[in-house]
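These notes concern the structure reproduced below.
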Amino acid sequence: MAYDYEKYIRPGKLPHIWCPGCGHGIVMKGLIRAIDSCGLDKNNTALVSGIGCASRLPGYLDFCTLHTAHGRAAAFATGVKMAKPEMNVIVMGGDGDGTAIGGNHFIHACRRNIDMTYVIMNNLIYGMTGGQFSPCTPTGDKASTTPYGNPDPTFDISKLAIGAGATFVARTTAFHATQIDKLIAEGIKHKGMAIIEVLDDCPTTYGRRNKFRSVIDMMKRLKDIAVPVAAAGKMTAEQLEGKVLTGVLYKEDKPEYCEQYAKVIAKASGAK
Amino acid sequence: MSGTRIEVIEKYCKGCSICVEFCPKNVLEMDGFLAKVVRLQDCIKCMQCELRCPDFAIKVYVD
Amino acid sequence: MAKKVALLQGNEACAHGALYAGCNFFGGYPITPSTEVAEVLSNELPKFGGKFIQMEDEIGAMASIIGASLTGAKALTASSGPGISLKQELIGYACIAEVPCVIISVMRGGPSTGMPTGPGQSDVMQAKWGTHGDHATIALAPASVQEIFTETVRAFNLAEKYRMPVQVVYDEIVGHMRERIEFPEPGDLEIINRAKPTVGPDKYKPYDTSFGDVPPLAAYGTGYRYHVTGLNKAQDGFPTTKAEYVDAEERRQIRKVEGEVARVDIEKYEEYLTDDATILLFAYGSTSRSARYAVNELRKEGIKVGLFRPITLWPFPEKRIAALGKQVKAIIVPELNLGQMNLEVERVVKGACPVISIGRVDGEPINPGQIIAQVKEVK
């Protein structure tokens, strides 16, 4: 017996468009395992995305899939969820799509604490357009539009999500494959806005400009920089330099948006 | 290892070599641009090759 | 039984028309002079389990109604000038993905922030060509509070029937004036709901033209799983760059609105004393009210003037305007812009008669005196 990914993949859609070594496929597998472990009904699950390499993900999978416009996934998803709260809504997208052009929708979806799961594949670059710097490209790094090194400071997506009001925030990497499905599953089960940031690799447009000789170098970096939250407590500031925390970074129980609106309906319709 | 089989779906494999690199037992090797199972007897069914294959090109069958 | 009557503002009538049509989702963002539509619906929708959401911006509002519509909701947004500019990206998305929804565009002065509390009619070409790419447009232009109600109902009907975004464009004067309105009883006005699939989920394709130019749309969460994208797509909904599929889909999406049969169904206009007219006024929205007054005054003097008032602005009533162009000596087009629909009239009459623009963009309405003076000049 082998794991049955095919159960969730639309017939004839593989191979996918992603480059050799791109971690998006690893995340897609993790998503499938998470959805399967949560037992979500395909008919009642919407996968929503924006534009970019990562946003092509829903098209491969056999759900109600909505490939929207650049940056707008969270806003479309909000409409779906608000209109039909019984649907499971999962957003899949990249760092540029989610935090630059879609930044406003992202923070406000977090603020509302609407019950959806947003998996943001952070590969530090705009891949589909050929490697322009994103809000997550490290300062000093090379991109096709930062030939002298990136002068911009960067977003920490998870901190941004926590600050904006998301009530479940977790981080992992494309290297940590088994953690991907566990965290996504936990996010799906969480009532409220769940952000799962997956640090990802783009060997084609980021790696080769930034001294990564191969996909393997990029994967090793993901392995090396990850520090589990529990372990970080025992480490010095010096030891944590250049590392990123992984695991569940934040979890809180707060009123969920559709439930809050149900109270508005009860009040307006005079129901007790 | 008896009962274990690793299938490389060649039409999906893009030759990234992640499976080869991170197999703790060196079960796989690159054969040109494709991954190839060469030491199946050493496989410990850890599934890391399948889990990290971005291309849905590796299936590990276990009993 | 006497009908329920009220003294309502145009924007309020719009909200009530939407509710009559079965609207159960509103996604919006505050902007003058359209905000009252949102205010009324924030109060009314939750009374029966409908949903109101104030989004973080105009684009988000447009996104939310498309998402809601895909679950089967009848969804509305309302905005004005700058807000409508922001929505254009996703109006195009609703066109190509063929998602029914209604957009209210209350026109103020422009461009940019312009004159937020002043009237304008300078967004009528935006309604047609605001979003990029070839696409068909349905836009309705009511001229009274009662008509805002009925045209909002018709906008929902057309959106559902033709599976596309439909805009209701009216100027700030009509949006903010108060008039007596008679509420239609349930059943007085026709209500159209989108066609549902007649095949099972295994056979369903979201753009299956074997069901005609407007394929049935399944709602998310009803057992039909399909893909929706803003990319050019084939009949199965998945992206394609194959020339023959792209071409066929683009042409179908325009034909479904601009084809002969559809035009007859969608086009709507009112003619006032045009039978014997030698001079024609072409006017819409608040300006048509001044034009009508001018016709009455001029007729008293024996001047044969008539009024053509498009209620459907897009698609443009080409055939009828072309015929009138051959009948009259001149067509005068008063509008609160510097000649936008004037250009369209010119295009259609093909030089059969002179087409004269009366444009005004100073924040004041065009008064009958201005129109009367122009008619006398060409008489």
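Naming scheme: A, B, ... for chains in displayed order of the structure tokens; residues 1 onward per chain; ligands 1 onward as shown.
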(message) Could you work out which residues of chain C fall inside 7 Å of chain A? Count only C-alpha atoms, and format the result as JSON, numbers by chain.
(response) {"C": [46, 47, 48, 49, 51, 56, 60, 63, 64, 65, 66, 67, 68, 71, 73, 220, 221, 222, 223, 224, 225, 226, 227, 228, 229, 230]}
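Residue neighbourhood of Cys46 in chain B, excluding near-sequence residues (fewer than 2 positions): Cys23, Pro24, Lys25, Cys43, Ile44, Gln48, Cys49, Glu50, Leu51 and Val60 of chain B, at 10 Å, using only C-alpha atoms.
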(request) Provide the CA of Ile254 in chain C to CA of Ser69 in chain C distance in Å, to one decimal place. (result)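 Separating CA of Ile254 in chain C from CA of Ser69 in chain C is a distance of 21.0 Å.
Per DSSP on the backbone, strand (DSSP E or B) in range 96-237 of chain A comprises A:Met116, A:Thr117, A:Tyr118, A:Val119, A:Ile120, A:Met121, A:Asn122, A:Ile125, A:Tyr126, A:Gln132, A:Phe133, A:Ala143, A:Thr146, A:Phe168, A:Val169, A:Ala170, A:Arg171, A:Thr172, A:Thr173, A:Met193, A:Ala194, A:Ile195, A:Ile196, A:Glu197, A:Val198, A:Leu199, A:Ala226, A:Val227, A:Pro228.
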Keeping N, CA and C atoms for every residue in the selection just given, could you write it to a file as a PDB file, in the first residue's frame?
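Output below, filename selection.pdb:
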ATOM      1  N   MET A 116     -11.004  30.380   8.479  1.00  0.00           N
ATOM      2  CA  MET A 116     -10.407  29.781   7.287  1.00  0.00           C
ATOM      3  C   MET A 116      -8.944  29.472   7.579  1.00  0.00           C
ATOM      4  N   THR A 117      -8.354  28.702   6.692  1.00  0.00           N
ATOM      5  CA  THR A 117      -6.957  28.323   6.844  1.00  0.00           C
ATOM      6  C   THR A 117      -6.198  28.896   5.655  1.00  0.00           C
ATOM      7  N   TYR A 118      -5.160  29.655   5.942  1.00  0.00           N
ATOM      8  CA  TYR A 118      -4.408  30.307   4.861  1.00  0.00           C
ATOM      9  C   TYR A 118      -2.974  29.778   4.918  1.00  0.00           C
ATOM     10  N   VAL A 119      -2.606  29.007   3.903  1.00  0.00           N
ATOM     11  CA  VAL A 119      -1.246  28.478   3.825  1.00  0.00           C
ATOM     12  C   VAL A 119      -0.445  29.391   2.902  1.00  0.00           C
ATOM     13  N   ILE A 120       0.544  30.040   3.445  1.00  0.00           N
ATOM     14  CA  ILE A 120       1.301  31.001   2.644  1.00  0.00           C
ATOM     15  C   ILE A 120       2.702  30.435   2.400  1.00  0.00           C
ATOM     16  N   MET A 121       2.967  30.169   1.128  1.00  0.00           N
ATOM     17  CA  MET A 121       4.224  29.547   0.726  1.00  0.00           C
ATOM     18  C   MET A 121       5.238  30.660   0.467  1.00  0.00           C
ATOM     19  N   ASN A 122       6.145  30.825   1.417  1.00  0.00           N
ATOM     20  CA  ASN A 122       7.055  31.968   1.385  1.00  0.00           C
ATOM     21  C   ASN A 122       8.396  31.546   0.779  1.00  0.00           C
ATOM     22  N   ILE A 125      10.347  35.453  -3.044  1.00  0.00           N
ATOM     23  CA  ILE A 125      10.559  36.029  -4.388  1.00  0.00           C
ATOM     24  C   ILE A 125       9.258  35.964  -5.203  1.00  0.00           C
ATOM     25  N   TYR A 126       9.146  36.794  -6.229  1.00  0.00           N
ATOM     26  CA  TYR A 126       8.099  36.610  -7.236  1.00  0.00           C
ATOM     27  C   TYR A 126       8.655  35.652  -8.285  1.00  0.00           C
ATOM     28  N   GLN A 132      11.475  38.894  -9.279  1.00  0.00           N
ATOM     29  CA  GLN A 132      11.563  40.237  -8.709  1.00  0.00           C
ATOM     30  C   GLN A 132      11.458  40.123  -7.186  1.00  0.00           C
ATOM     31  N   PHE A 133      11.991  41.105  -6.456  1.00  0.00           N
ATOM     32  CA  PHE A 133      11.984  40.988  -4.991  1.00  0.00           C
ATOM     33  C   PHE A 133      10.580  41.183  -4.440  1.00  0.00           C
ATOM     34  N   ALA A 143      17.739  40.095  -6.654  1.00  0.00           N
ATOM     35  CA  ALA A 143      16.550  39.706  -7.403  1.00  0.00           C
ATOM     36  C   ALA A 143      16.678  40.388  -8.752  1.00  0.00           C
ATOM     37  N   THR A 146      16.584  43.898  -8.059  1.00  0.00           N
ATOM     38  CA  THR A 146      17.545  44.452  -7.087  1.00  0.00           C
ATOM     39  C   THR A 146      18.954  44.018  -7.496  1.00  0.00           C
ATOM     40  N   PHE A 168      -4.541  31.581  15.085  1.00  0.00           N
ATOM     41  CA  PHE A 168      -3.651  30.418  15.023  1.00  0.00           C
ATOM     42  C   PHE A 168      -2.562  30.734  14.011  1.00  0.00           C
ATOM     43  N   VAL A 169      -1.337  30.775  14.456  1.00  0.00           N
ATOM     44  CA  VAL A 169      -0.230  31.094  13.553  1.00  0.00           C
ATOM     45  C   VAL A 169       0.880  30.068  13.757  1.00  0.00           C
ATOM     46  N   ALA A 170       1.279  29.450  12.653  1.00  0.00           N
ATOM     47  CA  ALA A 170       2.310  28.416  12.744  1.00  0.00           C
ATOM     48  C   ALA A 170       3.270  28.568  11.580  1.00  0.00           C
ATOM     49  N   ARG A 171       4.482  28.034  11.766  1.00  0.00           N
ATOM     50  CA  ARG A 171       5.471  28.128  10.694  1.00  0.00           C
ATOM     51  C   ARG A 171       6.225  26.812  10.581  1.00  0.00           C
ATOM     52  N   THR A 172       6.514  26.458   9.346  1.00  0.00           N
ATOM     53  CA  THR A 172       7.392  25.320   9.109  1.00  0.00           C
ATOM     54  C   THR A 172       8.133  25.586   7.804  1.00  0.00           C
ATOM     55  N   THR A 173       8.777  24.565   7.273  1.00  0.00           N
ATOM     56  CA  THR A 173       9.482  24.750   6.003  1.00  0.00           C
ATOM     57  C   THR A 173       9.166  23.597   5.072  1.00  0.00           C
ATOM     58  N   MET A 193      -9.168  32.350  12.178  1.00  0.00           N
ATOM     59  CA  MET A 193      -8.190  32.507  11.113  1.00  0.00           C
ATOM     60  C   MET A 193      -6.884  31.799  11.468  1.00  0.00           C
ATOM     61  N   ALA A 194      -6.511  30.825  10.638  1.00  0.00           N
ATOM     62  CA  ALA A 194      -5.266  30.089  10.863  1.00  0.00           C
ATOM     63  C   ALA A 194      -4.299  30.401   9.730  1.00  0.00           C
ATOM     64  N   ILE A 195      -3.128  30.901  10.103  1.00  0.00           N
ATOM     65  CA  ILE A 195      -2.094  31.190   9.108  1.00  0.00           C
ATOM     66  C   ILE A 195      -0.985  30.156   9.290  1.00  0.00           C
ATOM     67  N   ILE A 196      -0.661  29.468   8.207  1.00  0.00           N
ATOM     68  CA  ILE A 196       0.478  28.546   8.249  1.00  0.00           C
ATOM     69  C   ILE A 196       1.486  29.027   7.221  1.00  0.00           C
ATOM     70  N   GLU A 197       2.596  29.553   7.734  1.00  0.00           N
ATOM     71  CA  GLU A 197       3.654  30.027   6.837  1.00  0.00           C
ATOM     72  C   GLU A 197       4.611  28.865   6.578  1.00  0.00           C
ATOM     73  N   VAL A 198       4.799  28.550   5.309  1.00  0.00           N
ATOM     74  CA  VAL A 198       5.752  27.494   4.959  1.00  0.00           C
ATOM     75  C   VAL A 198       6.922  28.140   4.227  1.00  0.00           C
ATOM     76  N   LEU A 199       8.072  28.165   4.869  1.00  0.00           N
ATOM     77  CA  LEU A 199       9.256  28.690   4.182  1.00  0.00           C
ATOM     78  C   LEU A 199       9.596  27.726   3.061  1.00  0.00           C
ATOM     79  N   ALA A 226      15.725  26.335  10.720  1.00  0.00           N
ATOM     80  CA  ALA A 226      14.525  26.065  11.524  1.00  0.00           C
ATOM     81  C   ALA A 226      14.885  25.669  12.949  1.00  0.00           C
ATOM     82  N   VAL A 227      14.261  26.348  13.892  1.00  0.00           N
ATOM     83  CA  VAL A 227      14.423  25.996  15.308  1.00  0.00           C
ATOM     84  C   VAL A 227      13.022  25.820  15.901  1.00  0.00           C
ATOM     85  N   PRO A 228      12.718  24.637  16.415  1.00  0.00           N
ATOM     86  CA  PRO A 228      11.395  24.446  17.018  1.00  0.00           C
ATOM     87  C   PRO A 228      11.194  25.398  18.192  1.00  0.00           C
TER      88      PRO A 228
END
(request) Just the helix (DSSP H, G or I) stuff from range 174-257 of chain A, please, per backbone DSSP, written as number ranges by chain. (result) A: 177-189, 207-209, 215-225, 229-232, 237-240, 257
Take the residues from that selection and put them in a file with C-alpha atoms, as a PDB file, in the first residue's frame.
ATOM      1  CA  ALA A 177       7.429  17.652   5.232  1.00  0.00           C
ATOM      2  CA  THR A 178       5.702  15.816   8.067  1.00  0.00           C
ATOM      3  CA  GLN A 179       5.220  19.021  10.014  1.00  0.00           C
ATOM      4  CA  ILE A 180       3.426  20.636   7.079  1.00  0.00           C
ATOM      5  CA  ASP A 181       0.393  18.374   7.251  1.00  0.00           C
ATOM      6  CA  LYS A 182       0.281  18.402  11.039  1.00  0.00           C
ATOM      7  CA  LEU A 183       0.220  22.197  11.197  1.00  0.00           C
ATOM      8  CA  ILE A 184      -2.262  22.586   8.342  1.00  0.00           C
ATOM      9  CA  ALA A 185      -4.528  20.016   9.988  1.00  0.00           C
ATOM     10  CA  GLU A 186      -4.303  21.886  13.272  1.00  0.00           C
ATOM     11  CA  GLY A 187      -5.121  25.089  11.408  1.00  0.00           C
ATOM     12  CA  ILE A 188      -8.150  23.498   9.746  1.00  0.00           C
ATOM     13  CA  LYS A 189      -9.453  22.303  13.103  1.00  0.00           C
ATOM     14  CA  GLY A 207      18.490  30.370  -5.529  1.00  0.00           C
ATOM     15  CA  ARG A 208      20.677  30.840  -8.544  1.00  0.00           C
ATOM     16  CA  ARG A 209      20.948  34.588  -7.963  1.00  0.00           C
ATOM     17  CA  VAL A 215      18.112  22.705  -4.858  1.00  0.00           C
ATOM     18  CA  ILE A 216      19.861  20.654  -2.204  1.00  0.00           C
ATOM     19  CA  ASP A 217      21.667  23.737  -0.864  1.00  0.00           C
ATOM     20  CA  MET A 218      18.330  25.470  -0.516  1.00  0.00           C
ATOM     21  CA  MET A 219      16.750  22.499   1.230  1.00  0.00           C
ATOM     22  CA  LYS A 220      19.712  22.272   3.605  1.00  0.00           C
ATOM     23  CA  ARG A 221      19.306  25.935   4.445  1.00  0.00           C
ATOM     24  CA  LEU A 222      15.647  25.350   5.323  1.00  0.00           C
ATOM     25  CA  LYS A 223      16.746  22.459   7.512  1.00  0.00           C
ATOM     26  CA  ASP A 224      19.444  24.527   9.218  1.00  0.00           C
ATOM     27  CA  ILE A 225      17.564  27.733   9.945  1.00  0.00           C
ATOM     28  CA  VAL A 229       9.685  26.889  19.371  1.00  0.00           C
ATOM     29  CA  ALA A 230      10.274  24.592  22.343  1.00  0.00           C
ATOM     30  CA  ALA A 231      14.006  24.398  21.683  1.00  0.00           C
ATOM     31  CA  ALA A 232      14.377  28.143  21.179  1.00  0.00           C
ATOM     32  CA  ALA A 237      20.259  35.249  21.374  1.00  0.00           C
ATOM     33  CA  GLU A 238      23.561  34.515  19.696  1.00  0.00           C
ATOM     34  CA  GLN A 239      22.540  30.970  18.891  1.00  0.00           C
ATOM     35  CA  LEU A 240      19.234  32.178  17.503  1.00  0.00           C
ATOM     36  CA  TYR A 257     -16.417  36.241  12.478  1.00  0.00           C
TER      37      TYR A 257
END
(request) Can you check which residues of chain A have any atom within 10 Å of chain B? Use only C-alpha atoms and format it as number ranges by chain. (result) A: 1-6, 14-30, 174-178, 214-216, 219-220
Restricted to C-alpha atoms, what would the selected residues look like written as a tab-separated table (two decimals), in the first residue's frame?
chain	number	residue	atom	x	y	z
A	1	MET	CA	0.00	0.00	0.00
A	2	ALA	CA	1.21	3.43	-0.86
A	3	TYR	CA	-0.30	6.71	0.26
A	4	ASP	CA	-3.24	7.57	-2.01
A	5	TYR	CA	-2.66	11.16	-3.10
A	6	GLU	CA	-4.55	10.48	-6.33
A	14	LEU	CA	0.03	16.01	-13.29
A	15	PRO	CA	2.85	16.75	-13.86
A	16	HIS	CA	2.38	20.20	-12.35
A	17	ILE	CA	3.97	23.38	-13.70
A	18	TRP	CA	6.48	23.92	-10.89
A	19	CYS	CA	10.22	23.80	-11.57
A	20	PRO	CA	12.46	20.91	-10.49
A	21	GLY	CA	13.02	21.16	-6.74
A	22	CYS	CA	10.34	23.79	-6.09
A	23	GLY	CA	8.84	23.10	-2.68
A	24	HIS	CA	5.27	23.94	-3.69
A	25	GLY	CA	4.69	20.30	-4.60
A	26	ILE	CA	5.82	19.22	-1.12
A	27	VAL	CA	3.33	21.67	0.38
A	28	MET	CA	0.58	20.36	-1.90
A	29	LYS	CA	1.23	16.86	-0.63
A	30	GLY	CA	1.12	18.11	2.95
A	174	ALA	CA	9.24	22.73	2.83
A	175	PHE	CA	12.03	20.54	4.20
A	176	HIS	CA	9.97	19.58	7.25
A	177	ALA	CA	7.43	17.65	5.23
A	178	THR	CA	5.70	15.82	8.07
A	214	SER	CA	21.54	23.64	-6.09
A	215	VAL	CA	18.11	22.71	-4.86
A	216	ILE	CA	19.86	20.65	-2.20
A	219	MET	CA	16.75	22.50	1.23
A	220	LYS	CA	19.71	22.27	3.61
(message) Rounded to one decimal, what separation in Å do you get between CA of Val244 in chain A and CA of Ala166 in chain A?
(response)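 We find that CA of Val244 in chain A and CA of Ala166 in chain A lie 19.2 Å from each other.
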(message) Residues near Val38 in chain B, anyone? I mean within 9 Å using only C-alpha atoms, not counting same-chain ones fewer than 5 positions away, as a PyMOL selection string.
(response) chain B and resi 26-29
Atoms kept (N, CA and C atoms) for selection, written as an mmCIF file, in the first residue's frame:
data_model
loop_
_atom_site.group_PDB
_atom_site.id
_atom_site.type_symbol
_atom_site.label_atom_id
_atom_site.label_comp_id
_atom_site.auth_asym_id
_atom_site.auth_seq_id
_atom_site.Cartn_x
_atom_site.Cartn_y
_atom_site.Cartn_z
ATOM 1 N N ASN B 26 20.753 5.966 1.752
ATOM 2 C CA ASN B 26 21.314 5.951 0.393
ATOM 3 C C ASN B 26 20.693 4.903 -0.524
ATOM 4 N N VAL B 27 19.373 4.797 -0.427
ATOM 5 C CA VAL B 27 18.668 3.793 -1.236
ATOM 6 C C VAL B 27 18.598 4.221 -2.706
ATOM 7 N N LEU B 28 18.575 5.544 -2.906
ATOM 8 C CA LEU B 28 18.373 6.039 -4.273
ATOM 9 C C LEU B 28 19.638 6.694 -4.826
ATOM 10 N N GLU B 29 19.706 6.701 -6.150
ATOM 11 C CA GLU B 29 20.778 7.421 -6.841
ATOM 12 C C GLU B 29 20.196 8.109 -8.063
#
Ala38 in chain C: which residues within 10 Å, counting only C-alpha atoms, same-chain residues fewer than 3 positions away excluded, as a PDB file with C-alpha atoms, in the first residue's frame?
ATOM      1  CA  ASN C  11     -30.152  55.050  -3.000  1.00  0.00           C
ATOM      2  CA  GLU C  12     -32.697  53.748  -0.508  1.00  0.00           C
ATOM      3  CA  CYS C  14     -31.964  50.827  -4.840  1.00  0.00           C
ATOM      4  CA  ALA C  15     -31.483  48.844  -1.626  1.00  0.00           C
ATOM      5  CA  PHE C  26     -23.856  42.773   0.147  1.00  0.00           C
ATOM      6  CA  GLY C  27     -20.137  43.496   0.232  1.00  0.00           C
ATOM      7  CA  GLY C  28     -19.195  47.149   0.213  1.00  0.00           C
ATOM      8  CA  TYR C  29     -16.947  49.984   1.239  1.00  0.00           C
ATOM      9  CA  PRO C  30     -18.066  53.485   2.287  1.00  0.00           C
ATOM     10  CA  ILE C  31     -18.042  56.153  -0.403  1.00  0.00           C
ATOM     11  CA  SER C  34     -23.554  55.697  -2.724  1.00  0.00           C
ATOM     12  CA  THR C  35     -23.208  54.886   0.980  1.00  0.00           C
ATOM     13  CA  LEU C  41     -28.813  46.847   3.544  1.00  0.00           C
ATOM     14  CA  SER C  42     -26.745  46.594   6.748  1.00  0.00           C
ATOM     15  CA  ASN C  43     -30.042  47.062   8.535  1.00  0.00           C
ATOM     16  CA  GLU C  44     -32.280  44.914   6.343  1.00  0.00           C
ATOM     17  CA  PHE C  52     -23.745  42.267   4.972  1.00  0.00           C
ATOM     18  CA  ILE C  53     -20.014  42.778   5.105  1.00  0.00           C
ATOM     19  CA  GLN C  54     -18.066  46.002   5.023  1.00  0.00           C
ATOM     20  CA  LEU C  76     -24.547  43.280  -4.645  1.00  0.00           C
ATOM     21  CA  THR C  77     -21.986  46.014  -4.180  1.00  0.00           C
ATOM     22  CA  ALA C  78     -22.380  49.770  -4.488  1.00  0.00           C
ATOM     23  CA  SER C  79     -19.826  52.468  -5.034  1.00  0.00           C
TER      24      SER C  79
END
(request) Have a look at CA of Leu217 in chain C and CA of Gly12 in chain A and let me know their distance in Å, one decimal. (result) 23.5 Å
(message) Residues near Val361 in chain C, anyone? I mean within 9 Å using only C-alpha atoms, not counting same-chain ones fewer than 6 positions away, as an MDAnalysis selection string.
(response) chainID C and resid 109:110 119:122 335:338
So that I can check the surroundings of Pro197 in chain C, please list as a short mmCIF file (atom, residue, chain, number, x, y, z; two decimals) with N, CA and C atoms, in the first residue's frame every protein, DNA and RNA residue that reaches within 12 Å of it, counting only C-alpha atoms and ignoring chain neighbours fewer than 2 positions away.
data_model
loop_
_atom_site.label_atom_id
_atom_site.label_comp_id
_atom_site.auth_asym_id
_atom_site.auth_seq_id
_atom_site.Cartn_x
_atom_site.Cartn_y
_atom_site.Cartn_z
N ARG C 194 -30.69 32.21 -11.67
CA ARG C 194 -29.76 31.56 -12.60
C ARG C 194 -30.17 30.11 -12.89
N ALA C 195 -29.86 29.67 -14.09
CA ALA C 195 -30.15 28.29 -14.48
C ALA C 195 -29.25 27.35 -13.69
N VAL C 199 -27.40 18.37 -15.49
CA VAL C 199 -26.63 17.12 -15.51
C VAL C 199 -25.99 16.92 -14.13
N GLY C 200 -25.62 15.70 -13.85
CA GLY C 200 -24.99 15.39 -12.56
C GLY C 200 -23.57 15.91 -12.51
N PRO C 201 -22.99 15.90 -11.31
CA PRO C 201 -21.63 16.43 -11.13
C PRO C 201 -20.59 15.76 -12.04
N ASP C 202 -20.77 14.49 -12.37
CA ASP C 202 -19.78 13.80 -13.20
C ASP C 202 -19.77 14.32 -14.63
N LYS C 203 -20.89 14.87 -15.08
CA LYS C 203 -20.97 15.36 -16.46
C LYS C 203 -20.86 16.89 -16.54
N TYR C 204 -20.82 17.54 -15.40
CA TYR C 204 -20.92 19.00 -15.39
C TYR C 204 -19.61 19.68 -15.81
N LYS C 205 -19.77 20.65 -16.71
CA LYS C 205 -18.66 21.53 -17.06
C LYS C 205 -19.18 22.97 -16.91
N PRO C 206 -18.41 23.83 -16.24
CA PRO C 206 -18.95 25.16 -15.92
C PRO C 206 -19.17 26.07 -17.13
N TYR C 207 -18.57 25.71 -18.26
CA TYR C 207 -18.76 26.55 -19.46
C TYR C 207 -19.17 25.69 -20.64
N ASP C 208 -20.12 24.80 -20.37
CA ASP C 208 -20.55 23.81 -21.36
C ASP C 208 -21.53 24.45 -22.34
N SER C 210 -22.99 23.29 -24.82
CA SER C 210 -24.09 22.49 -25.37
C SER C 210 -25.41 22.93 -24.73
N PHE C 211 -25.32 23.77 -23.68
CA PHE C 211 -26.53 24.33 -23.08
C PHE C 211 -26.79 25.76 -23.56
N VAL C 214 -25.23 30.70 -22.57
CA VAL C 214 -25.12 30.96 -21.12
C VAL C 214 -25.21 29.62 -20.39
N PRO C 215 -24.07 28.99 -20.16
CA PRO C 215 -24.08 27.67 -19.51
C PRO C 215 -24.55 27.78 -18.05
N PRO C 216 -25.26 26.76 -17.56
CA PRO C 216 -25.72 26.79 -16.16
C PRO C 216 -24.55 26.84 -15.18
N LEU C 217 -24.77 27.52 -14.07
CA LEU C 217 -23.73 27.68 -13.04
C LEU C 217 -24.15 26.93 -11.78
N ALA C 218 -23.34 25.96 -11.40
CA ALA C 218 -23.60 25.23 -10.15
C ALA C 218 -23.07 26.03 -8.98
N ALA C 219 -23.72 25.91 -7.85
CA ALA C 219 -23.24 26.60 -6.64
C ALA C 219 -22.23 25.72 -5.92
N THR C 222 -22.74 22.23 -3.37
CA THR C 222 -23.95 21.48 -3.72
C THR C 222 -23.61 20.17 -4.43
N GLY C 223 -22.36 19.74 -4.30
CA GLY C 223 -21.98 18.46 -4.90
C GLY C 223 -21.26 18.60 -6.23
N TYR C 224 -21.21 19.84 -6.76
CA TYR C 224 -20.51 20.07 -8.02
C TYR C 224 -19.14 20.67 -7.70
#
(request) Between C:Glu89, C:Glu364, C:Glu250, C:Glu271, single out the one closest to Ile311 in chain C, counting only C-alpha atoms. (result)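 Looking at the shortest contact to Ile311 in chain C, the residue is C:Glu271.
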